[in-house]
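Some notes on the structure that comes next.
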Amino acid sequence: MGSLPDDLMDGHQAMLDLQAMLKKKMLPGVPAGDVYDMAMAFVDKAGYSSSFMGAEEQRIRFIGHGVGIELDEYPFLAKGQKIPLQANMVIALEPKLVFPGKGVVGIENTHVVTPDGLQPLTSYSDEIEIL
(Lines give C-alpha, C1' and ligand atoms only; values in the text may rest on other atoms or scores of the structure.)
Protein backbone atom coordinates (compact mmCIF):
# COMPACT_ATOMS: atom_id res chain seq x y z
CA MET A 1 0.00 0.00 0.00
CA GLY A 2 2.94 2.32 0.61
CA SER A 3 3.26 5.15 3.08
CA LEU A 4 0.64 7.70 4.02
CA PRO A 5 0.89 11.37 3.05
CA ASP A 6 2.57 13.58 5.65
CA ASP A 7 -0.67 15.31 6.65
CA LEU A 8 -2.28 11.97 7.56
CA MET A 9 0.86 10.83 9.41
CA ASP A 10 0.88 14.13 11.34
CA GLY A 11 -2.82 13.75 12.11
CA HIS A 12 -2.31 10.22 13.40
CA GLN A 13 0.48 11.46 15.67
CA ALA A 14 -1.82 14.20 16.97
CA MET A 15 -4.42 11.56 17.90
CA LEU A 16 -1.71 9.56 19.71
CA ASP A 17 -0.74 12.72 21.60
CA LEU A 18 -4.39 13.40 22.43
CA GLN A 19 -4.84 9.86 23.72
CA ALA A 20 -1.70 10.17 25.88
CA MET A 21 -2.95 13.43 27.39
CA LEU A 22 -6.45 12.08 28.08
CA LYS A 23 -5.10 8.87 29.64
CA LYS A 24 -3.46 11.02 32.34
CA LYS A 25 -6.50 13.26 32.91
CA MET A 26 -9.29 10.67 32.89
CA LEU A 27 -9.40 10.06 36.62
CA PRO A 28 -12.22 8.92 38.89
CA GLY A 29 -14.57 11.85 39.53
CA VAL A 30 -13.92 13.67 36.24
CA PRO A 31 -17.23 14.32 34.45
CA ALA A 32 -17.47 12.65 31.04
CA GLY A 33 -18.28 16.00 29.42
CA ASP A 34 -15.04 17.49 30.76
CA VAL A 35 -13.11 14.79 28.87
CA TYR A 36 -14.82 15.85 25.64
CA ASP A 37 -14.04 19.52 26.38
CA MET A 38 -10.36 18.67 26.98
CA ALA A 39 -10.22 16.84 23.66
CA MET A 40 -11.86 19.73 21.81
CA ALA A 41 -9.40 22.22 23.35
CA PHE A 42 -6.52 19.98 22.26
CA VAL A 43 -7.69 19.66 18.64
CA ASP A 44 -8.51 23.38 18.44
CA LYS A 45 -4.96 24.23 19.54
CA ALA A 46 -3.48 21.61 17.17
CA GLY A 47 -5.49 22.95 14.22
CA TYR A 48 -7.61 19.84 13.62
CA SER A 49 -11.07 21.10 14.63
CA SER A 50 -12.50 20.81 11.13
CA SER A 51 -11.42 17.16 10.81
CA PHE A 52 -11.98 15.86 14.34
CA MET A 53 -14.47 12.99 14.54
CA GLY A 54 -15.77 13.63 11.06
CA ALA A 55 -16.25 16.32 8.47
CA GLU A 56 -19.08 18.82 8.09
CA GLU A 57 -22.52 17.33 8.87
CA GLN A 58 -21.06 13.82 9.15
CA ARG A 59 -19.32 14.68 12.44
CA ILE A 60 -19.71 12.36 15.43
CA ARG A 61 -20.31 14.29 18.66
CA PHE A 62 -18.49 12.04 21.11
CA ILE A 63 -14.94 10.70 21.51
CA GLY A 64 -15.61 7.52 23.42
CA HIS A 65 -18.01 5.59 25.61
CA GLY A 66 -18.34 3.04 28.34
CA VAL A 67 -18.17 -0.67 27.62
CA GLY A 68 -20.03 -3.24 29.68
CA ILE A 69 -23.09 -5.37 29.11
CA GLU A 70 -23.56 -3.41 25.86
CA LEU A 71 -20.69 -2.46 23.57
CA ASP A 72 -21.67 1.24 23.63
CA GLU A 73 -23.03 2.42 26.94
CA TYR A 74 -22.74 5.21 29.48
CA PRO A 75 -20.78 7.21 30.14
CA PHE A 76 -20.59 8.80 26.71
CA LEU A 77 -17.60 11.14 26.38
CA ALA A 78 -19.67 13.93 24.87
CA LYS A 79 -20.34 17.61 25.44
CA GLY A 80 -22.35 18.33 28.56
CA GLN A 81 -22.33 14.79 29.97
CA LYS A 82 -22.31 15.01 33.77
CA ILE A 83 -21.70 11.34 34.67
CA PRO A 84 -18.39 11.18 36.55
CA LEU A 85 -15.82 8.57 35.67
CA GLN A 86 -15.47 5.90 38.33
CA ALA A 87 -12.61 3.57 39.18
CA ASN A 88 -12.81 0.28 37.26
CA MET A 89 -15.11 1.64 34.54
CA VAL A 90 -14.15 0.30 31.12
CA ILE A 91 -13.93 3.06 28.51
CA ALA A 92 -13.41 2.91 24.75
CA LEU A 93 -11.48 6.00 23.67
CA GLU A 94 -11.59 6.60 19.91
CA PRO A 95 -10.16 9.92 18.68
CA LYS A 96 -10.12 10.17 14.89
CA LEU A 97 -9.51 12.68 12.12
CA VAL A 98 -11.35 12.56 8.80
CA PHE A 99 -9.69 14.03 5.72
CA PRO A 100 -12.33 14.06 2.95
CA GLY A 101 -11.04 12.49 -0.23
CA LYS A 102 -7.94 11.15 1.54
CA GLY A 103 -8.93 8.94 4.46
CA VAL A 104 -9.30 8.58 8.21
CA VAL A 105 -6.57 8.33 10.84
CA GLY A 106 -7.00 7.65 14.50
CA ILE A 107 -7.07 5.04 17.14
CA GLU A 108 -9.56 3.16 19.26
CA ASN A 109 -8.51 1.48 22.45
CA THR A 110 -10.28 0.14 25.50
CA HIS A 111 -9.04 1.16 28.94
CA VAL A 112 -9.86 0.81 32.62
CA VAL A 113 -10.25 3.95 34.75
CA THR A 114 -7.83 3.90 37.69
CA PRO A 115 -6.76 6.47 40.30
CA ASP A 116 -3.65 6.99 38.14
CA GLY A 117 -5.54 7.49 34.87
CA LEU A 118 -6.49 5.11 32.10
CA GLN A 119 -4.76 1.75 31.89
CA PRO A 120 -4.98 0.02 28.48
CA LEU A 121 -6.55 -3.42 28.22
CA THR A 122 -4.63 -4.22 25.05
CA SER A 123 -0.94 -4.21 24.24
CA TYR A 124 -0.92 -3.89 20.45
CA SER A 125 0.98 -0.91 19.06
CA ASP A 126 -0.93 2.23 18.04
CA GLU A 127 1.62 3.04 15.37
CA ILE A 128 0.69 2.85 11.69
CA GLU A 129 1.99 -0.32 10.10
CA ILE A 130 2.84 -0.13 6.44
CA LEU A 131 2.70 -3.60 4.93
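Numbering starts fresh at 1 for the residues of each chain in the C-alpha coordinates, the chains themselves are lettered A, B, ... in the order given, and ligands are numbered from 1 as they appear.
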
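Residue-level DSSP output for region 23-80 of chain A, from the backbone, shows alpha helix (DSSP H) at A:Lys23, A:Lys24, A:Lys25, A:Ala32, A:Gly33, A:Asp34, A:Val35, A:Tyr36, A:Asp37, A:Met38, A:Ala39, A:Met40, A:Ala41, A:Phe42, A:Val43, A:Asp44, A:Lys45, A:Ala46.
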
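Residues in contact range of region 72-85 of chain A, defined as at most 10 Å between only C-alpha atoms, with sequence neighbours fewer than 5 positions away removed, read Met26, Leu27, Pro28, Gly29, Val30, Pro31, Ala32, Gly33, Asp34, Val35, Tyr36, Asp37, Ala39, Met40, Ile60, Arg61, Phe62, Ile63, Gly64, His65, Gly66, Val67, Val90, Ile91, Ala92, Leu93, Glu94, Val113 and Thr114 of chain A.
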
Quick one: of A:Pro115, A:Gly2, A:Gly101, A:Gly68, who's nearest to Ser51 (chain A), counting only C-alpha atoms?
A:Gly101

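From CA of Ala87 (chain A) back to CA of Val105 (chain A), the distance works out to 29.4 Å.
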
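Within 12 Å of Met9 (chain A), once only C-alpha atoms are used and residues closer than 3 positions along the same chain are dropped, the contacting residues are Ser3, Leu4, Pro5, Asp6, His12, Gln13, Ala14, Met15, Leu16, Leu97, Phe99, Lys102, Gly103, Val104, Val105, Gly106, Glu127, Ile128, Glu129 and Ile130 of chain A.
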
Residue subset to file, keeping N, CA and C atoms, as an mmCIF file, in the first residue's frame:
```
data_model
loop_
_atom_site.group_PDB
_atom_site.id
_atom_site.type_symbol
_atom_site.label_atom_id
_atom_site.label_comp_id
_atom_site.auth_asym_id
_atom_site.auth_seq_id
_atom_site.Cartn_x
_atom_site.Cartn_y
_atom_site.Cartn_z
ATOM 1 N N SER A 3 3.373 4.289 1.901
ATOM 2 C CA SER A 3 3.262 5.151 3.077
ATOM 3 C C SER A 3 2.107 6.137 2.908
ATOM 4 N N LEU A 4 1.701 6.699 4.040
ATOM 5 C CA LEU A 4 0.642 7.702 4.021
ATOM 6 C C LEU A 4 1.228 9.083 3.765
ATOM 7 N N PRO A 5 0.428 9.995 3.209
ATOM 8 C CA PRO A 5 0.893 11.373 3.048
ATOM 9 C C PRO A 5 1.230 11.989 4.411
ATOM 10 N N ASP A 6 2.119 12.954 4.406
ATOM 11 C CA ASP A 6 2.575 13.582 5.650
ATOM 12 C C ASP A 6 1.437 14.133 6.489
ATOM 13 N N HIS A 12 -2.347 11.419 12.562
ATOM 14 C CA HIS A 12 -2.311 10.223 13.401
ATOM 15 C C HIS A 12 -1.489 10.487 14.664
ATOM 16 N N GLN A 13 -0.354 11.137 14.507
ATOM 17 C CA GLN A 13 0.477 11.458 15.669
ATOM 18 C C GLN A 13 -0.274 12.370 16.635
ATOM 19 N N ALA A 14 -1.027 13.314 16.101
ATOM 20 C CA ALA A 14 -1.819 14.195 16.965
ATOM 21 C C ALA A 14 -2.840 13.401 17.773
ATOM 22 N N MET A 15 -3.443 12.377 17.165
ATOM 23 C CA MET A 15 -4.415 11.561 17.896
ATOM 24 C C MET A 15 -3.714 10.701 18.965
ATOM 25 N N LEU A 16 -2.492 10.265 18.686
ATOM 26 C CA LEU A 16 -1.714 9.564 19.712
ATOM 27 C C LEU A 16 -1.401 10.502 20.877
ATOM 28 N N LEU A 97 -9.465 11.552 13.037
ATOM 29 C CA LEU A 97 -9.514 12.682 12.120
ATOM 30 C C LEU A 97 -9.955 12.180 10.754
ATOM 31 N N PHE A 99 -10.188 13.158 6.782
ATOM 32 C CA PHE A 99 -9.694 14.025 5.719
ATOM 33 C C PHE A 99 -10.457 13.654 4.451
ATOM 34 N N LYS A 102 -9.239 11.740 1.246
ATOM 35 C CA LYS A 102 -7.936 11.147 1.539
ATOM 36 C C LYS A 102 -8.050 9.934 2.448
ATOM 37 N N GLY A 103 -8.816 10.072 3.540
ATOM 38 C CA GLY A 103 -8.931 8.943 4.461
ATOM 39 C C GLY A 103 -9.152 9.376 5.899
ATOM 40 N N VAL A 104 -9.074 8.390 6.780
ATOM 41 C CA VAL A 104 -9.301 8.584 8.212
ATOM 42 C C VAL A 104 -8.089 8.056 8.953
ATOM 43 N N VAL A 105 -7.635 8.802 9.950
ATOM 44 C CA VAL A 105 -6.575 8.326 10.838
ATOM 45 C C VAL A 105 -7.051 8.480 12.268
ATOM 46 N N GLY A 106 -6.634 7.575 13.093
ATOM 47 C CA GLY A 106 -7.003 7.653 14.495
ATOM 48 C C GLY A 106 -6.771 6.322 15.151
ATOM 49 N N GLU A 127 0.925 2.475 16.516
ATOM 50 C CA GLU A 127 1.615 3.037 15.373
ATOM 51 C C GLU A 127 1.040 2.490 14.071
ATOM 52 N N ILE A 128 1.144 3.278 13.012
ATOM 53 C CA ILE A 128 0.693 2.850 11.693
ATOM 54 C C ILE A 128 1.681 1.818 11.166
ATOM 55 N N GLU A 129 1.150 0.722 10.689
ATOM 56 C CA GLU A 129 1.995 -0.321 10.102
ATOM 57 C C GLU A 129 1.793 -0.297 8.596
ATOM 58 N N ILE A 130 2.877 -0.117 7.895
ATOM 59 C CA ILE A 130 2.840 -0.132 6.435
ATOM 60 C C ILE A 130 3.289 -1.524 5.999
#
```
